[in-house]
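Structure first, commentary second.
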Amino acid sequence: MSTPAVASRHQPAVASCHDPAPASADSSRSARGASAKRSGLPLIAVVGNPNTGKTTLFNRLTGQRARVGNYPGITVDRRSGRTSLGSRGSTPIDAEVFDVPGCYSLSARSSEEKIAIDAILGWNGNPRPDLALIVVDATQLVRNLYLVLQILELGVRAVVALNLIDEAGDAVPDARALSLLLGVPCIPTSARSGQGVAELEAAVAASLQSPPAAPHVHIRYPHAVVAHADRVADAMPAEWLGDDVAIECAHVGSDQLVSRRRALALWALTSVHDDDELEGIPADLRARVGEVRAAARGRDIDGEIIGARYEFLDAHVPSLFAPARTAILTERIDSVLLHPVWGFATFMVVMFVVFQSLFAWADPAIKLIETAFAALGGWLTAVLPAGVLTDLLVDGVIGGVGNVLVFLPQILLLFLMLGVLEDSGYLARVAYLMDRIMKSVGLHGRAFVPMLSGFSCAIPAIMATRTMESRRDRLLTMMVIPLMTCSARLPVYTLIIAALYPPSKMFGVVPVQGLLMIAMYLFSTATALAAAAVFGRTVLRGPRVPLILELPPYRMPMVRSVLQLMWLRSKMFLTEAGSVILWCTIGLWVLLSFPKLPEPPADAPPAAHAQWEADSLANSFGGRMGKALEPAIAPLGFDWKIGVGIVGAFAAREVFVSTMGVIYGVGDKSDETSVTLRDKMRADVHANGRPVYSPLVGLSLMVFFALACQCMSTLAVVRRETGGWRWPAFLFAYMTVLAWVASFAVYQGGKLAGLG
Amino acid sequence: MVTPLSKLPLRSRAKVLRVGGQPGFRRRLMEFGLVPGTTVEVVRVAPLGDPLQLLVRGCRLSIRLAEAAEVTVFAGEERDILSPEPVAPGNDACAGCKL
């Protein structure tokens with residue numbers, strides 16, 4: 001786009017705009033920018049609508065070297081990686097590439113939507129990119145170019161990748177004409193096959209070495225809109241204009257400054273409203289937008305701005321409405337998959353596979369991890385001298401690492417499934433099919449798959465809420481997922497049901513035990529949906545966000561993209577949530593092991609040893625906590641032993657079973673099918689001779705386990721996903737209170753009804 | 001025929017006259033290309049009765065009935081679409097050239 005002469009005159013353009021950092025008015029901004037650009041490499045933002053193959057192109061550019069982090073102050077994935085932009089005949093240019101979350105527009109009403117403009121202009125703690133690589137879907141050109149126009153209006157250096165060119169068929173857009181129209185290089189690519197990627201890299205490299213051109217696109221906004229924009233531009237904070245324009249454009253002329261001011265004013269006019277949730281909008285600007293809006297009473301400013309952009313596109317972009325081959329294919333598939341009968345049948349099958357895989361297919365791997373860590377612990381106990389340090393290593397550290405790794409099979413599988421569903425286009429259809437049901441309790445259609453996954457384990461399910469765009473929808477889903485009956489509750493239910501309910505049949509046919517199990521599932525689902533309805537109207541009340549869902553064309557998922565996302569997510573879980581789980585395991589081990597009682601001699605009978613274990617646990621901090629808890633849990637029908645079990649179950653719910661095993665002196669190797677443990681529990685009596693466990697106590701205990709947040713890993717992963725302790729604290733508090741109240745109602749109600 | 005989008009018969013096309021609703025939502029809907037003058041088609045309704053699947057500028061978009069009720073469309077002859085009111089015969093030529 002620039003002649004070689006211009007390019008050489010401004011050869012060090014990339015470097016020159018960073019060198020005079022002290023010239024920046026706001027030193028804190030430049031300091032942030034400097035730290036973010038430690039590498040000193042040019043920074044490229046990859047931006048575009050969702051479903052344009054943006055991620056595939058990003059992967060092409062960065063190869064296996066991508067990292068995943070978060071945008072400052074918000075838990076949205078920020079993937080970044082190094083690339084080497086090869087251009088034939090010259091030395092390759094190294095650059096840092098990062099991924100901007102898919103968006104349809106730069107206008108924003110919430111912090112999440114604002115990420116796009118923050119990332120492109122380097123606002124809000126983000127490093128400022130040197131170039132925006134805009135990925136567009138060549139089969140949906142007009143709609144995709146809307147975002148391109150917004151970015152070009154800002155005067156950002158840009159290159160357009162006309163992606164999915166392989167799907168465009170006969171309707172291939174004329175890239176040369178488009179480049180002339182937009183004034184930036186437009187390169188046809190197919191990120192999937194790699195076609196055009198080399199040319200794209202060369203264009204990006206050339207663009208990085210030439211000075212930014214003044215915006216080329218002139219959209220004819222109505223005069224009134226231009227007047228509004230100029231009034232808003234007067235209230236624009238100076239730092240919003242960015243040091244890039246001020247420095248780089250001294251030689252380009254003030255055109256660029258004027259047009260960026262106007263573009264930002266248009267952004268403010270479409271984004272700032274009385275009811276937006278934007279942060280960091282100066283009060284002056286907000287007031288000015290309000291004034292302008294009030295002055296334009298009755299006129300539709302948003303409509304005029306958006307309408308003018310589409311008018312430009314409709315007039316200049318050759319009409320590409322001849323449906324591409326994929327559109328016809330997609331419509332054919334949709335006529336089956338969204339069919340009232342066949343659509344639901346397929347949906348059931350797909351969901352069954354997802355659910356079954358988490359439940360059954362992950363199980364062998366989970367068992368293997370558990371066995372391996374138990375064996376490792378056993379071996380270390382055998383070879384190391386007995387003592388506190390060995391116990392710490394075996395029960396605390398090895399146990400903790402095992403507690404983290406045990407989630408991996410389900411996380412890997414769920415993200416494999418989610419990746420395939422999302423990339424194939426089916427996940428959007430799930431949201432479409434389920435929206436009617438989810439909407440009735442205030443949840444988004446996309447909450448369905450995470451909620452369903454909650455039946456296997458809350459940890460991957462909570463991580464899966466990232467497929468939802470709005471923070472409020474995500475939080476709401478995260479707050480109710482832990483109520484779903486996860487697989488860790490099963491051993492607890494199995495033990496209680498087997499110990500306290502006879503294997504009899506109701507009406508001679510329906511087994512009571514199976515019925516209770518189904519009832520617990522229904523109870524948890526109903527509670528989760530009810531909780532969503534309540535939170536949606538109370539703590540997470542917000543402006544109702546209407547659904548706009550794009551149903552993308554069906555595509556074959558890319559194995560590499562799916563596997564890479566699966567791996568990045570799992571790594572994030574291991575490093576971030578994993579460390580919290582590890583420390584909690586060690587903490588719990590301390591609680592349940594100290595202070596120690598003198599150990600019986602090695603030649604003492606096994607019964608004496610088991611008794612010592614039980615006494616030690618009762619005497620430990622955890623045991624004392626159980627006893628201290630007794631007054632609080634007695635109204636629920638629980639004694640201190642159950643209290644200790646509840647404390648221990650915080651590591652993971654199924655630990656309740658082995659903790660009870662230790663307390664009843666049958667050893668920590670007992671599981672939910674252990675007959676001795678069941679017999680001991682049935683035989684246990686209060687001082688007055690009344691049995692400790694009645695069917696009513698069992699029911700109360702199951703209700704408690706269904707509702708209480710007995711899982712530190714859930715809290716760790718919610719902290720990870722929400723970026724603080726506030727939401728996990730709320731989650732723990734509300735679930736504990738709910739569990740206590742419900743168990744109280746069950747136990748006391750049952751006693752009043754004469755069931756005790 | 002001027003009608004809310006939610007009442008448009010399935011598989012029939014219409015031109016958008018006005019996009020209403022909550023400001024943030026209508027802005028997003030228009031940014032998807034559903035601006036006045038655009039052709040829109042209701043492709044199907046989800047099996048449970050909500051939401052709708054639309055075809056706008058070759059893109060499959062889904063919105064709920066409640067929001068579709070706020071979008072006014074004109075279904076009818078192509079030459080009548082520029083004005084919400086049925087166009088007077090004398091204006092036909094002018095309407096045609098603007099298209």
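Chain identifiers are assigned as A, B, and so on, following the order in which chains appear in the structure tokens; residues are numbered from 1 within each chain, and ligands are numbered from 1 in order of appearance.
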Exercise. Counting only C-alpha atoms, collect the residues of chain A whose closest atom lies at most 8 Å from chain B, and write them out as a ChimeraX atom specification.
Key: /A:104-105,109,140,142-143,146,270,302-303,306-307,310,321,323,327,338-340,432-433,435-436,545-552
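The set of residues in stretch 5-92 of chain B assigned to alpha helix (DSSP H) by DSSP, using only backbone atoms of this structure, is Pro23, Gly24, Phe25, Arg26, Arg27, Arg28, Leu29, Met30, Glu31, Leu65, Ala66, Glu67, Ala68 and Asp92 of chain B.
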Could you write out the selected residues, including N, CA and C atoms, as a PDB file, in the first residue's frame?
```pdb
ATOM      1  N   PRO B  23     -32.439  -0.347  23.873  1.00  0.00           N
ATOM      2  CA  PRO B  23     -31.406   0.273  23.037  1.00  0.00           C
ATOM      3  C   PRO B  23     -30.218  -0.639  22.732  1.00  0.00           C
ATOM      4  N   GLY B  24     -29.688  -1.310  23.724  1.00  0.00           N
ATOM      5  CA  GLY B  24     -28.515  -2.150  23.500  1.00  0.00           C
ATOM      6  C   GLY B  24     -28.822  -3.280  22.550  1.00  0.00           C
ATOM      7  N   PHE B  25     -30.000  -3.867  22.699  1.00  0.00           N
ATOM      8  CA  PHE B  25     -30.364  -4.993  21.864  1.00  0.00           C
ATOM      9  C   PHE B  25     -30.578  -4.555  20.422  1.00  0.00           C
ATOM     10  N   ARG B  26     -31.302  -3.447  20.224  1.00  0.00           N
ATOM     11  CA  ARG B  26     -31.577  -3.034  18.853  1.00  0.00           C
ATOM     12  C   ARG B  26     -30.300  -2.599  18.153  1.00  0.00           C
ATOM     13  N   ARG B  27     -29.360  -2.022  18.942  1.00  0.00           N
ATOM     14  CA  ARG B  27     -28.083  -1.656  18.332  1.00  0.00           C
ATOM     15  C   ARG B  27     -27.373  -2.912  17.821  1.00  0.00           C
ATOM     16  N   ARG B  28     -27.328  -3.962  18.666  1.00  0.00           N
ATOM     17  CA  ARG B  28     -26.658  -5.194  18.253  1.00  0.00           C
ATOM     18  C   ARG B  28     -27.354  -5.827  17.047  1.00  0.00           C
ATOM     19  N   LEU B  29     -28.679  -5.812  17.089  1.00  0.00           N
ATOM     20  CA  LEU B  29     -29.427  -6.420  15.987  1.00  0.00           C
ATOM     21  C   LEU B  29     -29.141  -5.685  14.674  1.00  0.00           C
ATOM     22  N   MET B  30     -29.104  -4.360  14.762  1.00  0.00           N
ATOM     23  CA  MET B  30     -28.815  -3.584  13.545  1.00  0.00           C
ATOM     24  C   MET B  30     -27.380  -3.823  13.094  1.00  0.00           C
ATOM     25  N   GLU B  31     -26.454  -3.979  14.044  1.00  0.00           N
ATOM     26  CA  GLU B  31     -25.062  -4.229  13.668  1.00  0.00           C
ATOM     27  C   GLU B  31     -24.898  -5.584  12.995  1.00  0.00           C
ATOM     28  N   LEU B  65     -39.114 -14.611  20.223  1.00  0.00           N
ATOM     29  CA  LEU B  65     -40.373 -14.016  19.753  1.00  0.00           C
ATOM     30  C   LEU B  65     -40.607 -12.634  20.355  1.00  0.00           C
ATOM     31  N   ALA B  66     -40.300 -12.498  21.659  1.00  0.00           N
ATOM     32  CA  ALA B  66     -40.567 -11.230  22.343  1.00  0.00           C
ATOM     33  C   ALA B  66     -39.826 -10.086  21.659  1.00  0.00           C
ATOM     34  N   GLU B  67     -38.583 -10.354  21.232  1.00  0.00           N
ATOM     35  CA  GLU B  67     -37.811  -9.299  20.578  1.00  0.00           C
ATOM     36  C   GLU B  67     -38.225  -9.131  19.117  1.00  0.00           C
ATOM     37  N   ALA B  68     -38.605 -10.256  18.496  1.00  0.00           N
ATOM     38  CA  ALA B  68     -39.038 -10.174  17.093  1.00  0.00           C
ATOM     39  C   ALA B  68     -40.307  -9.337  16.980  1.00  0.00           C
ATOM     40  N   ASP B  92     -44.047   5.447  -7.736  1.00  0.00           N
ATOM     41  CA  ASP B  92     -43.380   4.186  -8.041  1.00  0.00           C
ATOM     42  C   ASP B  92     -42.016   4.347  -8.681  1.00  0.00           C
TER      43      ASP B  92
END
```
